[in-house]
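J.: Just passing along the structure, written as structure tokens.
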Amino acid sequence: MTAASDAGKEPLLEVRHLSRGFDVRRGLLQTSAGRVLAVDDVSLSVMRGETLGLVGESGCGKSTLARLILRLVPPDGGDILFRGQSLLGDVPPEVSRRLQMVFQDPFSSLNPRLKAGVSVGEPLRAAGVSAEETRRRVADMLRQVGLSPEHATRYPHEFSGGQRQRIAIARAVILHPEFIVCDEAVSALDASVQAQVLNLLKDMQQRYGFAYLFISHDLAVVGHMSDRVAVMYLGRIVEIAPRDRLFGAPAHPYTRALLEASPRREPGRRPSVALSGDLPSPLDPPSGCAFHPRCPLASDLCRRTRPVLQTLFPGHLVACHLATAAGQPADLQR
């Protein structure tokens, strides 16, 4: 089912049928309002040294999936494999340290009472590295992310947003992990600073060879960073493909609509595929294909039966009745 298995290679990280729901309560009496299935039977893989982009509208479950992978939230079902070893249950600390995360808001992810050097060095101290070696490695890492060793003595509020994110990246990279989750890591930054941080992330990946799960709602950023792209809708993966193929020949109507809705250079050009309506309530998801209320091609089959990810072309998987039946991208111009 995964692109990794199709290629006959062993993935660095593999997610198998992962699910997680949350009980929703409302009012002063906290009356139960139902259960939201934030991540619903998700399977994907990330190869060594690659960047897998993950896109989708706000509320589709991207951040929840990231936290499940790093075991910040326990799953209800499924499994997470890292180098073939399950991450559920008792995991040795040396394995856990191989997975790190860069959060969206660097200010809230840094302890305001700790100096930058202390925050960057925390993973080393937790790993038992000596104080002298920690100071040396912190100074070297600050240089690598474009700061100076003198910045180690400053507090988070003394830095700009871009500088704080560089500190967060330094903290994530200092243990030389194999896998890093970037959860909207540049969305809170100005455009010029975004470019600098994205280039830094690419440079660090080339230097150390780790893999990224790069989560963003910005398709231009995902296109710049990713080798493959996964598209998520209402808790499920609806399409996975190599970047160039997904951007050039998207198979799922939702992917097509996302690409058409992204900002364009051509002034006045209107999208040929309009994405109408809002994301359905996860408390009351649609039957069949969750995208059918917004899909211009929805049929009775789409309303009745939920599609599963199937291989359209080698490395290109899509969950769409119309695409898999035709063996090609759904024709949205009909």
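If you're wondering about the labels, chains in the structure tokens are A, B, ... by order shown, residues count from 1 in each chain, ligands from 1 in order shown.
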Residues at most 6 Å from segment 222-227 of chain A, counting only C-alpha atoms, excluding those fewer than 2 positions away in the same chain, as a list in words?

T.: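 Close residues of segment 222-227 of chain A: Thr51, Leu52, Gly53, Leu219, Ala220 and Arg243 of chain A.
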
J.: May I have the residues from that selection written out with C-alpha atoms, as a compact mmCIF listing (two decimals), in the first residue's frame?

T.:
# COMPACT_ATOMS: atom_id res chain seq x y z
CA THR A 51 11.09 14.89 2.85
CA LEU A 52 7.45 13.84 2.86
CA GLY A 53 5.14 16.84 2.67
CA LEU A 219 1.54 24.36 -1.24
CA ALA A 220 4.38 26.52 -2.57
CA ARG A 243 6.02 15.91 -5.74

J.: Quick one: residues within 7 Å of segment 176-190 of chain A, only C-alpha atoms counted, chain neighbours fewer than 3 positions away excluded, as a PDB file with all heavy atoms, in the first residue's frame?

T.:
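File produced: selection05.pdb:
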ATOM      1  N   SER A  63      -1.658  17.951  12.427  1.00  0.00           N
ATOM      2  CA  SER A  63      -0.876  18.104  13.663  1.00  0.00           C
ATOM      3  C   SER A  63      -1.100  16.942  14.619  1.00  0.00           C
ATOM      4  O   SER A  63      -0.174  16.514  15.320  1.00  0.00           O
ATOM      5  CB  SER A  63      -1.220  19.433  14.346  1.00  0.00           C
ATOM      6  OG  SER A  63      -0.797  20.530  13.562  1.00  0.00           O
ATOM      7  N   ALA A  66       1.096  14.191  13.521  1.00  0.00           N
ATOM      8  CA  ALA A  66       2.486  14.448  13.913  1.00  0.00           C
ATOM      9  C   ALA A  66       2.716  14.080  15.368  1.00  0.00           C
ATOM     10  O   ALA A  66       3.736  13.452  15.718  1.00  0.00           O
ATOM     11  CB  ALA A  66       2.823  15.911  13.679  1.00  0.00           C
ATOM     12  N   ARG A  97      15.371   9.468  20.973  1.00  0.00           N
ATOM     13  CA  ARG A  97      16.146  10.654  20.635  1.00  0.00           C
ATOM     14  C   ARG A  97      16.390  10.794  19.145  1.00  0.00           C
ATOM     15  O   ARG A  97      16.803  11.859  18.689  1.00  0.00           O
ATOM     16  CB  ARG A  97      17.491  10.620  21.375  1.00  0.00           C
ATOM     17  CG  ARG A  97      17.362  10.693  22.894  1.00  0.00           C
ATOM     18  CD  ARG A  97      18.716  10.737  23.557  1.00  0.00           C
ATOM     19  NE  ARG A  97      18.573  10.599  25.010  1.00  0.00           N
ATOM     20  CZ  ARG A  97      19.116   9.624  25.735  1.00  0.00           C
ATOM     21  NH1 ARG A  97      19.851   8.707  25.137  1.00  0.00           N
ATOM     22  NH2 ARG A  97      18.945   9.570  27.041  1.00  0.00           N
ATOM     23  N   ARG A  98      16.151   9.732  18.390  1.00  0.00           N
ATOM     24  CA  ARG A  98      16.364   9.795  16.940  1.00  0.00           C
ATOM     25  C   ARG A  98      15.219  10.480  16.227  1.00  0.00           C
ATOM     26  O   ARG A  98      15.266  10.687  15.021  1.00  0.00           O
ATOM     27  CB  ARG A  98      16.563   8.389  16.363  1.00  0.00           C
ATOM     28  CG  ARG A  98      17.561   7.519  17.094  1.00  0.00           C
ATOM     29  CD  ARG A  98      18.895   8.186  17.280  1.00  0.00           C
ATOM     30  NE  ARG A  98      19.618   8.366  16.040  1.00  0.00           N
ATOM     31  CZ  ARG A  98      20.751   9.023  15.918  1.00  0.00           C
ATOM     32  NH1 ARG A  98      21.285   9.604  16.980  1.00  0.00           N
ATOM     33  NH2 ARG A  98      21.357   9.135  14.750  1.00  0.00           N
ATOM     34  N   LEU A  99      14.161  10.814  16.969  1.00  0.00           N
ATOM     35  CA  LEU A  99      13.002  11.510  16.404  1.00  0.00           C
ATOM     36  C   LEU A  99      12.827  12.830  17.141  1.00  0.00           C
ATOM     37  O   LEU A  99      12.773  12.855  18.375  1.00  0.00           O
ATOM     38  CB  LEU A  99      11.726  10.669  16.535  1.00  0.00           C
ATOM     39  CG  LEU A  99      11.689   9.326  15.806  1.00  0.00           C
ATOM     40  CD1 LEU A  99      12.182   8.218  16.730  1.00  0.00           C
ATOM     41  CD2 LEU A  99      10.273   9.001  15.339  1.00  0.00           C
ATOM     42  N   GLN A 100      12.726  13.924  16.397  1.00  0.00           N
ATOM     43  CA  GLN A 100      12.593  15.241  16.990  1.00  0.00           C
ATOM     44  C   GLN A 100      11.507  16.030  16.265  1.00  0.00           C
ATOM     45  O   GLN A 100      10.976  15.591  15.246  1.00  0.00           O
ATOM     46  CB  GLN A 100      13.927  15.993  16.939  1.00  0.00           C
ATOM     47  CG  GLN A 100      15.055  15.340  17.718  1.00  0.00           C
ATOM     48  CD  GLN A 100      14.825  15.353  19.218  1.00  0.00           C
ATOM     49  OE1 GLN A 100      14.209  16.275  19.749  1.00  0.00           O
ATOM     50  NE2 GLN A 100      15.340  14.344  19.914  1.00  0.00           N
ATOM     51  N   MET A 101      11.207  17.217  16.799  1.00  0.00           N
ATOM     52  CA  MET A 101      10.126  18.021  16.236  1.00  0.00           C
ATOM     53  C   MET A 101      10.465  19.502  16.299  1.00  0.00           C
ATOM     54  O   MET A 101      11.068  19.969  17.274  1.00  0.00           O
ATOM     55  CB  MET A 101       8.819  17.759  16.992  1.00  0.00           C
ATOM     56  CG  MET A 101       7.589  18.414  16.381  1.00  0.00           C
ATOM     57  SD  MET A 101       6.065  17.774  17.143  1.00  0.00           S
ATOM     58  CE  MET A 101       4.817  18.547  16.126  1.00  0.00           C
ATOM     59  N   VAL A 102      10.090  20.225  15.243  1.00  0.00           N
ATOM     60  CA  VAL A 102      10.151  21.682  15.221  1.00  0.00           C
ATOM     61  C   VAL A 102       8.714  22.182  15.176  1.00  0.00           C
ATOM     62  O   VAL A 102       7.982  21.895  14.226  1.00  0.00           O
ATOM     63  CB  VAL A 102      10.943  22.204  14.007  1.00  0.00           C
ATOM     64  CG1 VAL A 102      10.959  23.732  14.005  1.00  0.00           C
ATOM     65  CG2 VAL A 102      12.369  21.655  14.011  1.00  0.00           C
ATOM     66  N   PHE A 103       8.307  22.937  16.193  1.00  0.00           N
ATOM     67  CA  PHE A 103       6.915  23.342  16.326  1.00  0.00           C
ATOM     68  C   PHE A 103       6.640  24.626  15.541  1.00  0.00           C
ATOM     69  O   PHE A 103       7.547  25.336  15.107  1.00  0.00           O
ATOM     70  CB  PHE A 103       6.564  23.555  17.797  1.00  0.00           C
ATOM     71  CG  PHE A 103       6.601  22.299  18.615  1.00  0.00           C
ATOM     72  CD1 PHE A 103       7.778  21.890  19.237  1.00  0.00           C
ATOM     73  CD2 PHE A 103       5.468  21.516  18.766  1.00  0.00           C
ATOM     74  CE1 PHE A 103       7.822  20.738  19.993  1.00  0.00           C
ATOM     75  CE2 PHE A 103       5.495  20.358  19.522  1.00  0.00           C
ATOM     76  CZ  PHE A 103       6.679  19.968  20.133  1.00  0.00           C
ATOM     77  N   GLN A 104       5.348  24.926  15.402  1.00  0.00           N
ATOM     78  CA  GLN A 104       4.923  26.096  14.638  1.00  0.00           C
ATOM     79  C   GLN A 104       5.347  27.406  15.293  1.00  0.00           C
ATOM     80  O   GLN A 104       5.880  28.284  14.629  1.00  0.00           O
ATOM     81  CB  GLN A 104       3.399  26.079  14.458  1.00  0.00           C
ATOM     82  CG  GLN A 104       2.853  27.305  13.733  1.00  0.00           C
ATOM     83  CD  GLN A 104       1.354  27.221  13.525  1.00  0.00           C
ATOM     84  OE1 GLN A 104       0.705  26.258  13.913  1.00  0.00           O
ATOM     85  NE2 GLN A 104       0.781  28.233  12.910  1.00  0.00           N
ATOM     86  N   ASP A 105       5.111  27.535  16.571  1.00  0.00           N
ATOM     87  CA  ASP A 105       5.388  28.781  17.276  1.00  0.00           C
ATOM     88  C   ASP A 105       6.659  28.627  18.106  1.00  0.00           C
ATOM     89  O   ASP A 105       6.637  27.996  19.171  1.00  0.00           O
ATOM     90  CB  ASP A 105       4.214  29.149  18.184  1.00  0.00           C
ATOM     91  CG  ASP A 105       4.413  30.488  18.888  1.00  0.00           C
ATOM     92  OD1 ASP A 105       5.466  31.127  18.657  1.00  0.00           O
ATOM     93  OD2 ASP A 105       3.533  30.892  19.662  1.00  0.00           O
ATOM     94  N   GLY A 161      11.365  36.493  15.602  1.00  0.00           N
ATOM     95  CA  GLY A 161      10.706  35.217  15.340  1.00  0.00           C
ATOM     96  C   GLY A 161      11.582  34.258  14.560  1.00  0.00           C
ATOM     97  O   GLY A 161      11.644  33.060  14.857  1.00  0.00           O
ATOM     98  N   GLY A 162      12.278  34.783  13.535  1.00  0.00           N
ATOM     99  CA  GLY A 162      13.164  33.932  12.758  1.00  0.00           C
ATOM    100  C   GLY A 162      14.319  33.397  13.567  1.00  0.00           C
ATOM    101  O   GLY A 162      14.723  32.229  13.427  1.00  0.00           O
ATOM    102  N   VAL A 173      18.166  19.502  16.163  1.00  0.00           N
ATOM    103  CA  VAL A 173      19.214  18.859  15.364  1.00  0.00           C
ATOM    104  C   VAL A 173      20.424  18.452  16.196  1.00  0.00           C
ATOM    105  O   VAL A 173      21.204  17.597  15.774  1.00  0.00           O
ATOM    106  CB  VAL A 173      19.642  19.807  14.214  1.00  0.00           C
ATOM    107  CG1 VAL A 173      20.830  19.256  13.438  1.00  0.00           C
ATOM    108  CG2 VAL A 173      18.474  20.050  13.269  1.00  0.00           C
ATOM    109  N   VAL A 193      11.822  35.873   5.807  1.00  0.00           N
ATOM    110  CA  VAL A 193      12.395  35.026   6.858  1.00  0.00           C
ATOM    111  C   VAL A 193      12.053  33.563   6.589  1.00  0.00           C
ATOM    112  O   VAL A 193      12.858  32.664   6.852  1.00  0.00           O
ATOM    113  CB  VAL A 193      11.889  35.473   8.241  1.00  0.00           C
ATOM    114  CG1 VAL A 193      12.483  34.605   9.343  1.00  0.00           C
ATOM    115  CG2 VAL A 193      12.231  36.930   8.481  1.00  0.00           C
ATOM    116  N   GLN A 194      10.854  33.306   6.054  1.00  0.00           N
ATOM    117  CA  GLN A 194      10.480  31.947   5.671  1.00  0.00           C
ATOM    118  C   GLN A 194      11.514  31.345   4.746  1.00  0.00           C
ATOM    119  O   GLN A 194      11.956  30.201   4.946  1.00  0.00           O
ATOM    120  CB  GLN A 194       9.117  31.948   4.972  1.00  0.00           C
ATOM    121  CG  GLN A 194       7.923  31.944   5.887  1.00  0.00           C
ATOM    122  CD  GLN A 194       6.632  31.701   5.117  1.00  0.00           C
ATOM    123  OE1 GLN A 194       6.655  31.360   3.933  1.00  0.00           O
ATOM    124  NE2 GLN A 194       5.504  31.866   5.781  1.00  0.00           N
ATOM    125  N   TYR A 208      23.319  16.448   7.481  1.00  0.00           N
ATOM    126  CA  TYR A 208      23.163  15.344   8.426  1.00  0.00           C
ATOM    127  C   TYR A 208      22.365  14.160   7.877  1.00  0.00           C
ATOM    128  O   TYR A 208      22.372  13.093   8.483  1.00  0.00           O
ATOM    129  CB  TYR A 208      22.507  15.849   9.715  1.00  0.00           C
ATOM    130  CG  TYR A 208      23.381  16.814  10.479  1.00  0.00           C
ATOM    131  CD1 TYR A 208      23.099  18.177  10.497  1.00  0.00           C
ATOM    132  CD2 TYR A 208      24.500  16.365  11.177  1.00  0.00           C
ATOM    133  CE1 TYR A 208      23.905  19.068  11.200  1.00  0.00           C
ATOM    134  CE2 TYR A 208      25.307  17.246  11.880  1.00  0.00           C
ATOM    135  CZ  TYR A 208      25.008  18.596  11.880  1.00  0.00           C
ATOM    136  OH  TYR A 208      25.818  19.466  12.568  1.00  0.00           O
ATOM    137  N   PHE A 210      19.093  13.553   7.672  1.00  0.00           N
ATOM    138  CA  PHE A 210      17.862  13.098   8.295  1.00  0.00           C
ATOM    139  C   PHE A 210      16.661  13.293   7.368  1.00  0.00           C
ATOM    140  O   PHE A 210      16.744  13.966   6.340  1.00  0.00           O
ATOM    141  CB  PHE A 210      17.609  13.784   9.643  1.00  0.00           C
ATOM    142  CG  PHE A 210      17.880  15.265   9.663  1.00  0.00           C
ATOM    143  CD1 PHE A 210      17.093  16.152   8.936  1.00  0.00           C
ATOM    144  CD2 PHE A 210      18.920  15.779  10.415  1.00  0.00           C
ATOM    145  CE1 PHE A 210      17.329  17.507   8.967  1.00  0.00           C
ATOM    146  CE2 PHE A 210      19.160  17.143  10.447  1.00  0.00           C
ATOM    147  CZ  PHE A 210      18.372  18.006   9.721  1.00  0.00           C
ATOM    148  N   ALA A 211      15.556  12.657   7.732  1.00  0.00           N
ATOM    149  CA  ALA A 211      14.316  12.744   6.968  1.00  0.00           C
ATOM    150  C   ALA A 211      13.371  13.719   7.653  1.00  0.00           C
ATOM    151  O   ALA A 211      13.410  13.895   8.874  1.00  0.00           O
ATOM    152  CB  ALA A 211      13.657  11.369   6.843  1.00  0.00           C
ATOM    153  N   TYR A 212      12.495  14.347   6.848  1.00  0.00           N
ATOM    154  CA  TYR A 212      11.485  15.267   7.368  1.00  0.00           C
ATOM    155  C   TYR A 212      10.081  14.744   7.068  1.00  0.00           C
ATOM    156  O   TYR A 212       9.826  14.212   5.977  1.00  0.00           O
ATOM    157  CB  TYR A 212      11.570  16.635   6.693  1.00  0.00           C
ATOM    158  CG  TYR A 212      12.708  17.535   7.099  1.00  0.00           C
ATOM    159  CD1 TYR A 212      13.518  18.119   6.130  1.00  0.00           C
ATOM    160  CD2 TYR A 212      12.956  17.845   8.437  1.00  0.00           C
ATOM    161  CE1 TYR A 212      14.557  18.976   6.478  1.00  0.00           C
ATOM    162  CE2 TYR A 212      13.998  18.691   8.794  1.00  0.00           C
ATOM    163  CZ  TYR A 212      14.787  19.258   7.799  1.00  0.00           C
ATOM    164  OH  TYR A 212      15.818  20.096   8.150  1.00  0.00           O
ATOM    165  N   LEU A 213       9.185  14.938   8.014  1.00  0.00           N
ATOM    166  CA  LEU A 213       7.760  15.003   7.723  1.00  0.00           C
ATOM    167  C   LEU A 213       7.426  16.474   7.803  1.00  0.00           C
ATOM    168  O   LEU A 213       7.430  17.065   8.889  1.00  0.00           O
ATOM    169  CB  LEU A 213       6.931  14.200   8.728  1.00  0.00           C
ATOM    170  CG  LEU A 213       5.405  14.327   8.550  1.00  0.00           C
ATOM    171  CD1 LEU A 213       4.965  13.777   7.210  1.00  0.00           C
ATOM    172  CD2 LEU A 213       4.668  13.626   9.689  1.00  0.00           C
ATOM    173  N   PHE A 214       7.159  17.091   6.646  1.00  0.00           N
ATOM    174  CA  PHE A 214       7.009  18.541   6.583  1.00  0.00           C
ATOM    175  C   PHE A 214       5.539  18.884   6.409  1.00  0.00           C
ATOM    176  O   PHE A 214       4.951  18.671   5.348  1.00  0.00           O
ATOM    177  CB  PHE A 214       7.830  19.110   5.419  1.00  0.00           C
ATOM    178  CG  PHE A 214       7.979  20.599   5.469  1.00  0.00           C
ATOM    179  CD1 PHE A 214       9.026  21.181   6.170  1.00  0.00           C
ATOM    180  CD2 PHE A 214       7.063  21.422   4.842  1.00  0.00           C
ATOM    181  CE1 PHE A 214       9.158  22.559   6.230  1.00  0.00           C
ATOM    182  CE2 PHE A 214       7.185  22.796   4.890  1.00  0.00           C
ATOM    183  CZ  PHE A 214       8.238  23.372   5.588  1.00  0.00           C
ATOM    184  N   ILE A 215       4.937  19.416   7.473  1.00  0.00           N
ATOM    185  CA  ILE A 215       3.510  19.721   7.497  1.00  0.00           C
ATOM    186  C   ILE A 215       3.309  21.199   7.199  1.00  0.00           C
ATOM    187  O   ILE A 215       3.939  22.057   7.819  1.00  0.00           O
ATOM    188  CB  ILE A 215       2.904  19.375   8.865  1.00  0.00           C
ATOM    189  CG1 ILE A 215       3.078  17.881   9.157  1.00  0.00           C
ATOM    190  CG2 ILE A 215       1.430  19.762   8.926  1.00  0.00           C
ATOM    191  CD1 ILE A 215       2.687  17.492  10.563  1.00  0.00           C
ATOM    192  N   SER A 216       2.446  21.502   6.247  1.00  0.00           N
ATOM    193  CA  SER A 216       2.173  22.898   5.915  1.00  0.00           C
ATOM    194  C   SER A 216       0.866  22.991   5.145  1.00  0.00           C
ATOM    195  O   SER A 216       0.443  22.048   4.486  1.00  0.00           O
ATOM    196  CB  SER A 216       3.313  23.482   5.076  1.00  0.00           C
ATOM    197  OG  SER A 216       3.051  24.830   4.730  1.00  0.00           O
TER     198      SER A 216
END

J.: Give the answer as one residue: which of A:Gly146, A:Gly61, A:Pro329, A:Pro112 has the shortest atom-to-atom distance to Gln163 of chain A, using only C-alpha atoms?

T.: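 Checking each of A:Gly146, A:Gly61, A:Pro329, A:Pro112 against Gln163 of chain A, counting only C-alpha atoms, the winner is A:Gly146.
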
J.: Write out as number ranges by chain the residues lying within 10 Å of Cys60 of chain A, counting only C-alpha atoms and excluding same-chain residues fewer than 4 positions away.

T.: A: 38-39, 55-56, 64-65, 231-237, 279-280, 282

J.: Take the selection from the previous step and output its residues with all heavy atoms, as a JSON list (two decimals), in the first residue's frame.

T.:
[["chain", "number", "residue", "atom", "x", "y", "z"],
["A", 38, "ALA", "N", -10.00, 12.20, 14.80],
["A", 38, "ALA", "CA", -9.07, 13.17, 14.21],
["A", 38, "ALA", "C", -8.14, 12.54, 13.19],
["A", 38, "ALA", "O", -7.78, 13.16, 12.19],
["A", 38, "ALA", "CB", -8.25, 13.84, 15.31],
["A", 39, "VAL", "N", -7.71, 11.32, 13.45],
["A", 39, "VAL", "CA", -6.87, 10.55, 12.53],
["A", 39, "VAL", "C", -7.55, 9.20, 12.32],
["A", 39, "VAL", "O", -7.81, 8.48, 13.29],
["A", 39, "VAL", "CB", -5.44, 10.37, 13.08],
["A", 39, "VAL", "CG1", -4.63, 9.44, 12.18],
["A", 39, "VAL", "CG2", -4.74, 11.71, 13.20],
["A", 55, "VAL", "N", -0.12, 17.93, 3.45],
["A", 55, "VAL", "CA", -0.93, 19.12, 3.25],
["A", 55, "VAL", "C", -2.40, 18.79, 3.49],
["A", 55, "VAL", "O", -2.82, 17.63, 3.46],
["A", 55, "VAL", "CB", -0.75, 19.70, 1.83],
["A", 55, "VAL", "CG1", 0.69, 20.08, 1.59],
["A", 55, "VAL", "CG2", -1.22, 18.71, 0.77],
["A", 56, "GLY", "N", -3.19, 19.85, 3.69],
["A", 56, "GLY", "CA", -4.61, 19.72, 3.92],
["A", 56, "GLY", "C", -5.12, 20.96, 4.63],
["A", 56, "GLY", "O", -4.34, 21.73, 5.20],
["A", 64, "THR", "N", -2.32, 16.43, 14.66],
["A", 64, "THR", "CA", -2.59, 15.26, 15.51],
["A", 64, "THR", "C", -1.77, 14.07, 15.04],
["A", 64, "THR", "O", -1.20, 13.33, 15.85],
["A", 64, "THR", "CB", -4.09, 14.91, 15.50],
["A", 64, "THR", "OG1", -4.84, 16.02, 15.97],
["A", 64, "THR", "CG2", -4.36, 13.70, 16.38],
["A", 65, "LEU", "N", -1.69, 13.87, 13.73],
["A", 65, "LEU", "CA", -0.87, 12.78, 13.19],
["A", 65, "LEU", "C", 0.59, 12.96, 13.59],
["A", 65, "LEU", "O", 1.26, 11.99, 13.98],
["A", 65, "LEU", "CB", -1.01, 12.74, 11.67],
["A", 65, "LEU", "CG", -0.16, 11.69, 10.95],
["A", 65, "LEU", "CD1", -0.51, 10.28, 11.43],
["A", 65, "LEU", "CD2", -0.34, 11.80, 9.43],
["A", 231, "VAL", "N", -1.68, 14.06, 0.84],
["A", 231, "VAL", "CA", -2.80, 14.99, 1.00],
["A", 231, "VAL", "C", -3.79, 14.38, 1.99],
["A", 231, "VAL", "O", -4.20, 13.23, 1.83],
["A", 231, "VAL", "CB", -3.50, 15.26, -0.35],
["A", 231, "VAL", "CG1", -4.64, 16.26, -0.17],
["A", 231, "VAL", "CG2", -2.49, 15.79, -1.38],
["A", 232, "MET", "N", -4.17, 15.17, 2.99],
["A", 232, "MET", "CA", -5.04, 14.68, 4.06],
["A", 232, "MET", "C", -6.36, 15.43, 4.05],
["A", 232, "MET", "O", -6.39, 16.65, 3.85],
["A", 232, "MET", "CB", -4.34, 14.85, 5.42],
["A", 232, "MET", "CG", -4.93, 14.06, 6.55],
["A", 232, "MET", "SD", -3.81, 14.11, 8.00],
["A", 232, "MET", "CE", -4.64, 12.92, 9.07],
["A", 233, "TYR", "N", -7.44, 14.68, 4.24],
["A", 233, "TYR", "CA", -8.77, 15.29, 4.29],
["A", 233, "TYR", "C", -9.60, 14.60, 5.36],
["A", 233, "TYR", "O", -9.80, 13.37, 5.31],
["A", 233, "TYR", "CB", -9.47, 15.17, 2.93],
["A", 233, "TYR", "CG", -10.79, 15.91, 2.86],
["A", 233, "TYR", "CD1", -10.82, 17.29, 2.65],
["A", 233, "TYR", "CD2", -12.01, 15.25, 3.01],
["A", 233, "TYR", "CE1", -12.01, 17.98, 2.60],
["A", 233, "TYR", "CE2", -13.21, 15.94, 2.96],
["A", 233, "TYR", "CZ", -13.21, 17.30, 2.76],
["A", 233, "TYR", "OH", -14.40, 17.99, 2.71],
["A", 234, "LEU", "N", -10.05, 15.37, 6.33],
["A", 234, "LEU", "CA", -10.92, 14.89, 7.40],
["A", 234, "LEU", "C", -10.37, 13.60, 8.05],
["A", 234, "LEU", "O", -11.07, 12.62, 8.23],
["A", 234, "LEU", "CB", -12.34, 14.65, 6.88],
["A", 234, "LEU", "CG", -13.46, 14.82, 7.92],
["A", 234, "LEU", "CD1", -13.54, 16.27, 8.39],
["A", 234, "LEU", "CD2", -14.81, 14.40, 7.35],
["A", 235, "GLY", "N", -9.09, 13.65, 8.39],
["A", 235, "GLY", "CA", -8.48, 12.57, 9.14],
["A", 235, "GLY", "C", -7.93, 11.42, 8.32],
["A", 235, "GLY", "O", -7.35, 10.49, 8.89],
["A", 236, "ARG", "N", -8.07, 11.47, 6.98],
["A", 236, "ARG", "CA", -7.62, 10.36, 6.14],
["A", 236, "ARG", "C", -6.68, 10.87, 5.04],
["A", 236, "ARG", "O", -6.81, 12.00, 4.58],
["A", 236, "ARG", "CB", -8.81, 9.63, 5.51],
["A", 236, "ARG", "CG", -9.68, 8.91, 6.51],
["A", 236, "ARG", "CD", -10.87, 8.24, 5.83],
["A", 236, "ARG", "NE", -10.46, 7.20, 4.91],
["A", 236, "ARG", "CZ", -10.25, 5.93, 5.25],
["A", 236, "ARG", "NH1", -10.37, 5.56, 6.52],
["A", 236, "ARG", "NH2", -9.90, 5.03, 4.35],
["A", 237, "ILE", "N", -5.77, 10.00, 4.62],
["A", 237, "ILE", "CA", -4.91, 10.30, 3.48],
["A", 237, "ILE", "C", -5.70, 9.97, 2.21],
["A", 237, "ILE", "O", -6.17, 8.84, 2.05],
["A", 237, "ILE", "CB", -3.60, 9.50, 3.52],
["A", 237, "ILE", "CG1", -2.82, 9.81, 4.80],
["A", 237, "ILE", "CG2", -2.76, 9.79, 2.28],
["A", 237, "ILE", "CD1", -2.35, 11.24, 4.91],
["A", 279, "LEU", "N", -15.02, 22.48, 5.40],
["A", 279, "LEU", "CA", -14.71, 21.13, 5.83],
["A", 279, "LEU", "C", -15.87, 20.62, 6.68],
["A", 279, "LEU", "O", -16.32, 21.29, 7.60],
["A", 279, "LEU", "CB", -13.43, 21.15, 6.65],
["A", 279, "LEU", "CG", -12.72, 19.82, 6.89],
["A", 279, "LEU", "CD1", -12.10, 19.32, 5.59],
["A", 279, "LEU", "CD2", -11.65, 19.99, 7.95],
["A", 280, "PRO", "N", -16.41, 19.42, 6.39],
["A", 280, "PRO", "CA", -17.53, 18.90, 7.19],
["A", 280, "PRO", "C", -17.15, 18.76, 8.66],
["A", 280, "PRO", "O", -15.97, 18.63, 9.00],
["A", 280, "PRO", "CB", -17.79, 17.52, 6.55],
["A", 280, "PRO", "CG", -17.20, 17.59, 5.20],
["A", 280, "PRO", "CD", -16.03, 18.51, 5.31],
["A", 282, "PRO", "N", -16.25, 17.09, 11.89],
["A", 282, "PRO", "CA", -15.76, 15.75, 12.23],
["A", 282, "PRO", "C", -16.65, 15.03, 13.23],
["A", 282, "PRO", "O", -16.53, 13.83, 13.40],
["A", 282, "PRO", "CB", -14.36, 16.03, 12.82],
["A", 282, "PRO", "CG", -14.40, 17.45, 13.25],
["A", 282, "PRO", "CD", -15.33, 18.16, 12.33]]

J.: Counting only C-alpha atoms, what is within 10 Å of Leu200 of chain A, bar same-chain residues fewer than 2 positions away, as a VMD selection string?

T.: chain A and resid 144 to 146 166 169 194 to 198 202 to 206

J.: What's the separation between atom CA of Phe313 of chain A and atom CA of Ala230 of chain A, in Å to one decimal place?

T.: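 Result for atom CA of Phe313 of chain A versus atom CA of Ala230 of chain A: 14.9 Å, one decimal.
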
J.: Using DSSP on the backbone, list every residue of segment 50-299 of chain A that comes out as strand (DSSP E or B), and give them as a PyMOL selection string.

T.: chain A and resi 51-55+77-82+85-86+99-102+179-183+211-215+228-233+236-242

J.: From the options A:Gly34, A:Pro149, A:Gly21, A:Pro11, which residue's atoms come nearest to Asp284 of chain A, counting only C-alpha atoms?

T.: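 Of all the options, A:Gly34 lies closest to Asp284 of chain A.
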
J.: For Leu312 of chain A, work out the shell of residues within 9 Å, counting only C-alpha atoms and skipping chain neighbours fewer than 6 positions away, then give it as JSON, numbers by chain.

T.: {"A": [251, 318, 323, 324, 327, 328, 329]}

J.: Write to file, as a compact mmCIF listing (two decimals), in the first residue's frame, the residues of the selection just made, with N, CA and C atoms.

T.:
# COMPACT_ATOMS: atom_id res chain seq x y z
N ALA A 251 -4.54 13.35 -8.94
CA ALA A 251 -5.60 12.40 -9.30
C ALA A 251 -6.89 12.61 -8.51
N VAL A 318 -4.09 6.81 -4.56
CA VAL A 318 -5.21 7.73 -4.46
C VAL A 318 -6.43 6.99 -3.92
N ALA A 323 -11.05 7.97 -9.98
CA ALA A 323 -9.68 7.88 -10.49
C ALA A 323 -9.25 6.44 -10.67
N THR A 324 -9.52 5.60 -9.67
CA THR A 324 -9.06 4.21 -9.75
C THR A 324 -9.87 3.41 -10.76
N GLY A 327 -8.36 4.46 -14.01
CA GLY A 327 -6.93 4.24 -14.13
C GLY A 327 -6.16 5.49 -14.45
N GLN A 328 -6.77 6.65 -14.19
CA GLN A 328 -6.14 7.93 -14.46
C GLN A 328 -6.79 8.99 -13.58
N PRO A 329 -6.20 10.20 -13.49
CA PRO A 329 -6.81 11.25 -12.67
C PRO A 329 -8.27 11.50 -13.04

J.: From the list A:Leu44, A:Leu259, A:Ile69, A:Ala126, which residue is nearest His217 of chain A when using only C-alpha atoms?

T.: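 Closest to His217 of chain A, using only C-alpha atoms: A:Leu259.
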
J.: Write down as JSON, numbers by chain the residues of segment 5-164 of chain A whose backbone DSSP state falls under helix (DSSP H, G or I).

T.: {"A": [5, 6, 62, 63, 64, 65, 66, 67, 68, 69, 93, 94, 95, 96, 106, 107, 108, 109, 116, 117, 118, 119, 120, 121, 122, 123, 124, 125, 126, 131, 132, 133, 134, 135, 136, 137, 138, 139, 140, 141, 142, 143, 144, 149, 150, 151, 152, 153, 156, 157, 158, 161, 162, 163, 164]}
